[in-house]
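Colleague: Just one file: entry.csv, with CSV, C-alpha atoms.
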```csv
chain,number,residue,atom,x,y,z
A,11,MET,CA,0.0,0.0,0.0
A,12,GLY,CA,1.1,3.5,-0.8
A,13,ALA,CA,0.9,6.5,1.5
A,14,PRO,CA,-2.7,7.5,2.4
A,15,ALA,CA,-4.2,10.2,0.2
A,16,ALA,CA,-3.7,13.7,1.6
A,17,PRO,CA,-6.9,14.8,3.4
A,18,LEU,CA,-9.1,17.0,1.4
A,19,ALA,CA,-9.4,20.3,3.1
A,20,PHE,CA,-12.7,22.1,2.7
A,21,SER,CA,-12.5,25.9,2.8
A,22,GLN,CA,-15.1,28.7,3.1
A,23,PRO,CA,-16.4,30.5,0.0
A,24,ALA,CA,-15.2,34.0,-0.5
A,25,ASP,CA,-18.7,35.4,-1.1
A,26,ALA,CA,-22.1,34.3,-2.3
A,27,LYS,CA,-21.3,34.6,-6.0
A,28,THR,CA,-18.2,32.4,-5.6
A,29,LEU,CA,-20.3,29.9,-3.6
A,30,GLU,CA,-23.0,29.7,-6.3
A,31,GLN,CA,-21.1,30.2,-9.5
A,32,GLY,CA,-17.4,29.7,-8.8
A,33,LEU,CA,-15.4,26.6,-9.3
A,34,GLU,CA,-14.1,26.1,-5.8
A,35,LEU,CA,-15.5,23.3,-3.7
A,36,THR,CA,-16.7,24.9,-0.5
A,37,PRO,CA,-19.4,22.6,0.9
A,38,ARG,CA,-21.7,24.1,3.5
A,39,PHE,CA,-22.5,21.7,6.3
A,40,ASN,CA,-25.6,22.4,8.5
A,41,ALA,CA,-25.6,23.0,12.2
A,42,ASP,CA,-25.3,19.3,12.7
A,43,GLY,CA,-22.3,19.2,10.4
A,44,LEU,CA,-24.2,17.5,7.6
A,45,LEU,CA,-25.2,18.0,4.0
A,46,ALA,CA,-27.9,16.1,2.1
A,47,ALA,CA,-26.9,13.5,-0.5
A,48,VAL,CA,-29.2,12.2,-3.3
A,49,ALA,CA,-28.1,9.0,-4.9
A,50,THR,CA,-29.5,8.1,-8.3
A,51,HIS,CA,-28.8,4.9,-10.3
A,52,ALA,CA,-26.2,5.8,-13.0
A,53,ASP,CA,-27.9,3.7,-15.6
A,54,THR,CA,-31.6,4.1,-14.9
A,55,GLY,CA,-31.7,7.6,-13.4
A,56,GLU,CA,-33.9,6.3,-10.6
A,57,VAL,CA,-33.6,8.1,-7.3
A,58,LEU,CA,-32.3,5.3,-5.0
A,59,MET,CA,-32.0,7.1,-1.6
A,60,LEU,CA,-31.5,10.4,0.2
A,61,ALA,CA,-29.0,10.3,3.0
A,62,TRP,CA,-26.5,12.6,4.8
A,63,MET,CA,-22.8,13.2,4.7
A,64,ASN,CA,-20.5,14.8,7.2
A,65,ALA,CA,-17.1,16.2,6.1
A,66,GLU,CA,-15.4,12.8,6.6
A,67,ALA,CA,-18.1,11.0,4.6
A,68,LEU,CA,-17.7,13.5,1.7
A,69,ARG,CA,-13.9,13.2,1.8
A,70,LEU,CA,-14.0,9.4,1.8
A,71,THR,CA,-16.6,9.4,-1.0
A,72,LEU,CA,-14.4,11.6,-3.1
A,73,GLN,CA,-11.2,9.7,-2.3
A,74,THR,CA,-12.5,6.2,-2.6
A,75,ARG,CA,-15.2,6.7,-5.2
A,76,GLU,CA,-17.5,4.6,-3.0
A,77,ALA,CA,-20.4,6.3,-1.3
A,78,HIS,CA,-20.0,7.0,2.4
A,79,TYR,CA,-22.7,8.6,4.4
A,80,PHE,CA,-23.3,9.6,8.0
A,81,SER,CA,-26.0,7.6,9.8
A,82,ARG,CA,-28.0,10.0,12.0
A,83,SER,CA,-29.7,7.1,13.9
A,84,ARG,CA,-26.3,5.5,14.7
A,85,ALA,CA,-24.4,8.8,14.8
A,86,ALA,CA,-21.6,7.1,12.9
A,87,LEU,CA,-19.8,7.1,9.5
A,88,TRP,CA,-21.4,4.6,7.2
A,89,ARG,CA,-19.8,3.0,4.2
A,90,LYS,CA,-22.9,2.1,2.3
A,91,GLY,CA,-23.1,-1.6,1.6
A,92,GLU,CA,-20.5,-2.7,4.1
A,93,THR,CA,-22.9,-5.2,5.6
A,94,SER,CA,-25.6,-5.5,2.8
A,95,GLY,CA,-23.1,-5.8,-0.1
A,96,GLN,CA,-24.9,-2.8,-1.7
A,97,ILE,CA,-21.6,-0.9,-2.2
A,98,GLN,CA,-22.2,2.1,-4.4
A,99,SER,CA,-19.5,2.9,-7.0
A,100,VAL,CA,-19.7,6.6,-7.7
A,101,VAL,CA,-19.7,7.4,-11.4
A,102,GLU,CA,-20.2,11.2,-10.9
A,103,ILE,CA,-20.7,13.5,-8.0
A,104,ARG,CA,-22.2,17.0,-8.3
A,105,ILE,CA,-22.9,19.8,-5.9
A,106,ASP,CA,-25.8,22.2,-6.0
A,107,CYS,CA,-25.8,26.0,-6.3
A,108,ASP,CA,-25.5,26.8,-2.6
A,109,GLN,CA,-23.2,23.8,-1.9
A,110,ASP,CA,-25.3,22.2,0.8
A,111,ALA,CA,-26.4,19.2,-1.2
A,112,VAL,CA,-24.7,16.6,-3.4
A,113,TRP,CA,-26.0,14.4,-6.2
A,114,LEU,CA,-24.2,11.0,-6.7
A,115,LYS,CA,-24.7,8.9,-9.7
A,116,VAL,CA,-23.9,5.4,-8.5
A,117,ARG,CA,-23.9,1.8,-9.5
A,118,PRO,CA,-24.9,-0.4,-6.6
A,119,ALA,CA,-23.2,-3.8,-6.2
A,120,GLY,CA,-24.7,-6.8,-4.4
A,121,ASP,CA,-28.3,-7.3,-5.3
A,122,GLY,CA,-28.3,-3.9,-7.2
A,123,GLY,CA,-30.6,-2.3,-4.7
A,124,ALA,CA,-30.2,0.4,-2.1
A,125,CYS,CA,-33.0,0.0,0.4
A,126,HIS,CA,-32.9,-2.1,3.6
A,127,THR,CA,-36.6,-3.1,3.1
A,128,GLY,CA,-35.6,-5.1,0.1
A,129,ALA,CA,-37.0,-2.6,-2.5
A,130,ARG,CA,-34.5,-1.5,-5.1
A,131,SER,CA,-35.1,2.2,-4.3
A,132,CYS,CA,-36.0,3.7,-0.9
A,133,PHE,CA,-38.6,5.7,-2.9
A,134,TYR,CA,-40.7,2.6,-3.8
A,135,ARG,CA,-44.1,4.0,-2.8
A,136,ILE,CA,-46.1,6.6,-4.7
A,137,ILE,CA,-48.3,9.1,-2.8
A,138,GLU,CA,-51.8,9.0,-4.4
A,139,ASP,CA,-55.1,10.3,-3.0
A,140,GLY,CA,-53.6,10.7,0.5
A,141,ALA,CA,-52.3,7.2,0.7
A,142,LEU,CA,-49.4,5.1,-0.7
A,143,ARG,CA,-49.1,2.4,-3.3
A,144,ARG,CA,-46.1,0.4,-4.3
A,145,ALA,CA,-44.6,1.6,-7.6
A,146,ASP,CA,-43.5,-1.9,-8.6
B,26,MET,CA,-65.0,28.6,-7.1
B,27,GLY,CA,-66.1,25.5,-5.1
B,28,ALA,CA,-65.4,24.8,-1.5
B,29,PRO,CA,-61.7,24.5,-0.6
B,30,ALA,CA,-60.3,21.0,-0.6
B,31,ALA,CA,-60.5,19.4,2.8
B,32,PRO,CA,-57.1,19.7,4.6
B,33,LEU,CA,-55.0,16.6,4.4
B,34,ALA,CA,-54.4,15.4,7.9
B,35,PHE,CA,-51.1,13.6,8.4
B,36,SER,CA,-51.1,11.0,11.2
B,37,GLN,CA,-48.4,9.1,13.0
B,38,PRO,CA,-47.3,5.6,12.0
B,39,ALA,CA,-48.5,2.8,14.2
B,40,ASP,CA,-45.0,1.2,14.3
B,41,ALA,CA,-41.7,1.0,12.4
B,42,LYS,CA,-43.0,-1.7,10.0
B,43,THR,CA,-46.1,0.3,9.1
B,44,LEU,CA,-43.9,3.3,8.6
B,45,GLU,CA,-41.5,1.6,6.3
B,46,GLN,CA,-43.7,-1.0,4.5
B,47,GLY,CA,-47.3,0.1,5.0
B,48,LEU,CA,-49.5,2.0,2.7
B,49,GLU,CA,-50.4,4.9,5.0
B,50,LEU,CA,-49.0,8.3,4.4
B,51,THR,CA,-47.3,9.3,7.7
B,52,PRO,CA,-44.6,11.8,6.9
B,53,ARG,CA,-41.9,12.4,9.5
B,54,PHE,CA,-41.0,16.1,9.7
B,55,ASN,CA,-37.7,16.9,11.4
B,56,ALA,CA,-37.3,19.1,14.5
B,57,ASP,CA,-37.7,22.1,12.3
B,58,GLY,CA,-40.9,20.7,10.9
B,59,LEU,CA,-39.4,19.9,7.5
B,60,LEU,CA,-38.7,17.0,5.2
B,61,ALA,CA,-36.3,16.9,2.3
B,62,ALA,CA,-37.7,17.0,-1.3
B,63,VAL,CA,-35.8,16.0,-4.4
B,64,ALA,CA,-37.2,17.2,-7.7
B,65,THR,CA,-36.2,15.4,-10.9
B,66,HIS,CA,-37.2,16.3,-14.4
B,67,ALA,CA,-40.1,14.0,-15.4
B,68,ASP,CA,-38.7,13.6,-19.0
B,69,THR,CA,-34.9,13.6,-18.6
B,70,GLY,CA,-34.6,12.2,-15.1
B,71,GLU,CA,-32.1,14.9,-14.2
B,72,VAL,CA,-32.0,16.0,-10.6
B,73,LEU,CA,-33.1,19.6,-10.7
B,74,MET,CA,-33.0,20.6,-7.0
B,75,LEU,CA,-33.1,19.6,-3.4
B,76,ALA,CA,-35.4,21.7,-1.2
B,77,TRP,CA,-37.5,21.4,2.0
B,78,MET,CA,-41.2,21.1,2.7
B,79,ASN,CA,-43.2,21.7,5.8
B,80,ALA,CA,-46.6,20.1,6.3
B,81,GLU,CA,-48.4,22.9,4.5
B,82,ALA,CA,-46.0,22.8,1.5
B,83,LEU,CA,-46.6,19.0,1.3
B,84,ARG,CA,-50.3,19.4,1.5
B,85,LEU,CA,-50.4,22.1,-1.1
B,86,THR,CA,-48.2,20.1,-3.4
B,87,LEU,CA,-50.5,17.1,-3.1
B,88,GLN,CA,-53.6,19.1,-3.6
B,89,THR,CA,-52.6,21.5,-6.4
B,90,ARG,CA,-50.1,19.2,-8.2
B,91,GLU,CA,-47.7,22.1,-8.3
B,92,ALA,CA,-44.5,21.9,-6.2
B,93,HIS,CA,-44.5,24.0,-3.0
B,94,TYR,CA,-41.5,24.2,-0.7
B,95,PHE,CA,-40.5,25.9,2.5
B,96,SER,CA,-37.8,28.5,2.1
B,97,ARG,CA,-35.5,28.2,5.1
B,98,SER,CA,-33.8,31.5,4.3
B,99,ARG,CA,-37.0,33.4,4.1
B,100,ALA,CA,-38.8,31.2,6.6
B,101,ALA,CA,-41.9,31.1,4.4
B,102,LEU,CA,-43.9,28.9,2.2
B,103,TRP,CA,-42.7,29.1,-1.4
B,104,ARG,CA,-44.7,28.2,-4.5
B,105,LYS,CA,-41.8,27.3,-6.8
B,106,GLY,CA,-41.9,29.5,-9.9
B,107,GLU,CA,-44.2,32.2,-8.5
B,108,THR,CA,-41.8,34.9,-9.5
B,109,SER,CA,-39.5,33.1,-11.9
B,110,GLY,CA,-42.3,31.4,-13.9
B,111,GLN,CA,-40.5,28.0,-13.3
B,112,ILE,CA,-43.7,26.5,-11.9
B,113,GLN,CA,-43.3,22.7,-11.4
B,114,SER,CA,-46.1,20.5,-12.5
B,115,VAL,CA,-45.9,17.3,-10.4
B,116,VAL,CA,-46.2,14.2,-12.5
B,117,GLU,CA,-45.6,11.8,-9.6
B,118,ILE,CA,-44.6,12.1,-6.0
B,119,ARG,CA,-43.0,9.3,-3.9
B,120,ILE,CA,-42.0,9.0,-0.3
B,121,ASP,CA,-39.0,7.0,1.0
B,122,CYS,CA,-38.9,4.1,3.4
B,123,ASP,CA,-38.7,6.1,6.6
B,124,GLN,CA,-41.0,8.8,5.2
B,125,ASP,CA,-38.7,11.7,5.8
B,126,ALA,CA,-38.0,12.5,2.2
B,127,VAL,CA,-40.1,12.8,-1.0
B,128,TRP,CA,-39.2,12.5,-4.6
B,129,LEU,CA,-41.1,14.7,-7.1
B,130,LYS,CA,-41.0,14.1,-10.8
B,131,VAL,CA,-41.8,17.5,-12.3
B,132,ARG,CA,-42.2,19.4,-15.5
B,133,PRO,CA,-40.9,23.0,-15.0
B,134,ALA,CA,-42.7,25.7,-16.9
B,135,GLY,CA,-41.2,29.0,-17.9
B,136,ASP,CA,-37.7,28.6,-19.3
B,137,GLY,CA,-37.8,24.9,-18.3
B,138,GLY,CA,-35.1,25.3,-15.6
B,139,ALA,CA,-35.1,25.2,-11.8
B,140,CYS,CA,-32.1,27.2,-10.6
B,141,HIS,CA,-31.9,30.9,-9.8
B,142,THR,CA,-28.4,31.0,-11.2
B,143,GLY,CA,-29.8,30.5,-14.7
B,144,ALA,CA,-28.6,26.9,-14.9
B,145,ARG,CA,-31.2,24.3,-15.7
B,146,SER,CA,-30.4,22.2,-12.7
B,147,CYS,CA,-29.1,23.5,-9.4
B,148,PHE,CA,-26.6,20.6,-9.6
B,149,TYR,CA,-24.8,22.0,-12.6
B,150,ARG,CA,-21.3,21.5,-11.3
B,151,ILE,CA,-19.3,18.3,-11.1
B,152,ILE,CA,-16.8,17.7,-8.3
B,153,GLU,CA,-13.5,16.6,-9.8
B,154,ASP,CA,-10.1,16.5,-8.2
B,155,GLY,CA,-11.3,18.6,-5.3
B,156,ALA,CA,-12.6,21.4,-7.5
B,157,LEU,CA,-15.7,22.0,-9.6
B,158,ARG,CA,-16.4,22.1,-13.3
B,159,ARG,CA,-19.6,23.0,-15.1
B,160,ALA,CA,-21.4,20.0,-16.5
B,161,ASP,CA,-22.7,21.8,-19.5
```
How does this structure look as structure tokens?
Modeller:
Amino acid sequence: MGAPAAPLAFSQPADAKTLEQGLELTPRFNADGLLAAVATHADTGEVLMLAWMNAEALRLTLQTREAHYFSRSRAALWRKGETSGQIQSVVEIRIDCDQDAVWLKVRPAGDGGACHTGARSCFYRIIEDGALRRAD
Amino acid sequence: MGAPAAPLAFSQPADAKTLEQGLELTPRFNADGLLAAVATHADTGEVLMLAWMNAEALRLTLQTREAHYFSRSRAALWRKGETSGQIQSVVEIRIDCDQDAVWLKVRPAGDGGACHTGARSCFYRIIEDGALRRAD
């Protein structure tokens, strides 16, 4: 093994215009130190899940090209798929205008899904007439 | 004009299994009374934006089939496109396993975009080698 990758340092944006239209990565974590992360399937475009990243999860995702999140319920870093096998290879990662959310295009390994319920996507229920129905 | 639509009452889930696998809409708003909302373009699948909804925004979105959000910066209900013309017609709305995030498939009116920077999507920058580049 080589030397570990140098840690990615995240800095503060100079101003609102730089934040929203510049080319510097200056992620804005919320009061809990988190930003929202949307994962879509790189091939189908389907939204698989919405989760959270702290700075360490974002750094690890960028450095390893495997999605890492922060589990709010367990209050711990979470390498997606570590137990389920649903490792997410990151094909592309984008950040939004105010840099408080990221969009990951991923390919899930294992059974190809992302949800612990067994559904492929966490968003497997459609809201209709005030109730839910399964999409599949 | 007819009578206003009856307000949608959101109830609490009976238990975790009902929450995650049942067919009752029991949205879980966070401590600030919000849930995350991801909007994708109904035709291209592109992720357009990530925003927030309070109960009123979710109700109005379901009742009018136009996306309403809650602006955290203005601390106010926000009918997307009211000033920009980028009204979002909701083609489908889904909720995730633990019912704290929704996924809207929308068709934006006006110039067809969703971002106040003039980009079509708020996620118009790709993170690469620790910096950003425009996707278009």
Colleague: Skip Asp121 (chain A) itself and residues of its chain fewer than 3 positions away, then list as a PDB file with C-alpha atoms, in the frame of the given file all residues within 10 Å of it, counting only C-alpha atoms.
Modeller:
```pdb
ATOM      1  CA  SER A  94     -25.600  -5.500   2.800  1.00  0.00           C
ATOM      2  CA  GLY A  95     -23.100  -5.800  -0.100  1.00  0.00           C
ATOM      3  CA  GLN A  96     -24.900  -2.800  -1.700  1.00  0.00           C
ATOM      4  CA  ILE A  97     -21.600  -0.900  -2.200  1.00  0.00           C
ATOM      5  CA  PRO A 118     -24.900  -0.400  -6.600  1.00  0.00           C
ATOM      6  CA  ALA A 124     -30.200   0.400  -2.100  1.00  0.00           C
ATOM      7  CA  GLY A 128     -35.600  -5.100   0.100  1.00  0.00           C
ATOM      8  CA  ARG A 130     -34.500  -1.500  -5.100  1.00  0.00           C
TER       9      ARG A 130
END
```
Colleague: Could you please tell me, as a list of chain:residue names, which residues of chain B have an atom within 6 Å of chain A when using all atoms listed in the file?
Modeller: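 That gives B:Leu48, B:Glu49, B:Leu50, B:Gly70, B:Ile118, B:Arg119, B:Ile120, B:Asp121, B:Cys122, B:Cys147, B:Phe148, B:Arg150, B:Ile151, B:Ile152, B:Ala156, B:Leu157 for chain B.
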Colleague: Please determine the residues with any atom at most 6 Å from (-18.7, 10.1, 4.7) (coordinates as given in the file, with only C-alpha atoms counting) and report them as a VMD selection string.
Modeller: chain A and resid 63 to 64 66 to 68 70 78 to 80 87
Colleague: Can you work out the spacing between CA of Pro37 (chain A) and CA of Arg82 (chain A) in Å, to one decimal?
Modeller: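 So the answer is 18.9 Å.
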Colleague: I need the residue nearest Gly106 (chain B) from this list: B:Ala80, B:Gly138, B:Arg90, B:Thr43. Use all atoms listed in the file for the distance.
Modeller: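 Result for the nearest residue to Gly106 (chain B): B:Gly138.
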Colleague: Please measure the separation of CA of Asp68 (chain B) and CA of Val116 (chain B), giving the value in Å to one decimal.
Modeller: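 Between CA of Asp68 (chain B) and CA of Val116 (chain B) the gap works out to 9.9 Å.
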Colleague: Calculate how many Å separate CA of Ser36 (chain B) from CA of Arg53 (chain B), rounding to one decimal.
Modeller: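 Atom-to-atom, CA of Ser36 (chain B) to CA of Arg53 (chain B), that is 9.5 Å.
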Colleague: Go ahead and fit an axis-aligned box to every listed atom of region 78-96 of chain B plus 4 Å each side, and pass me the centre and edge lengths in Å, one decimal, as lines of an AutoDock Vina configuration file.
Modeller:
```
center_x = -45.7
center_y = 22.8
center_z = -1.0
size_x = 23.8
size_y = 19.4
size_z = 22.6
```
Colleague: Near Gln113 (chain B), counting all atoms listed in the file, which residues have an atom at most 7 Å away, once you skip same-chain residues fewer than 5 positions from it, shown as a list in words?
Modeller: Glu91, Ala92, Lys105, Val131, Arg132, Pro133 and Ala134 of chain B
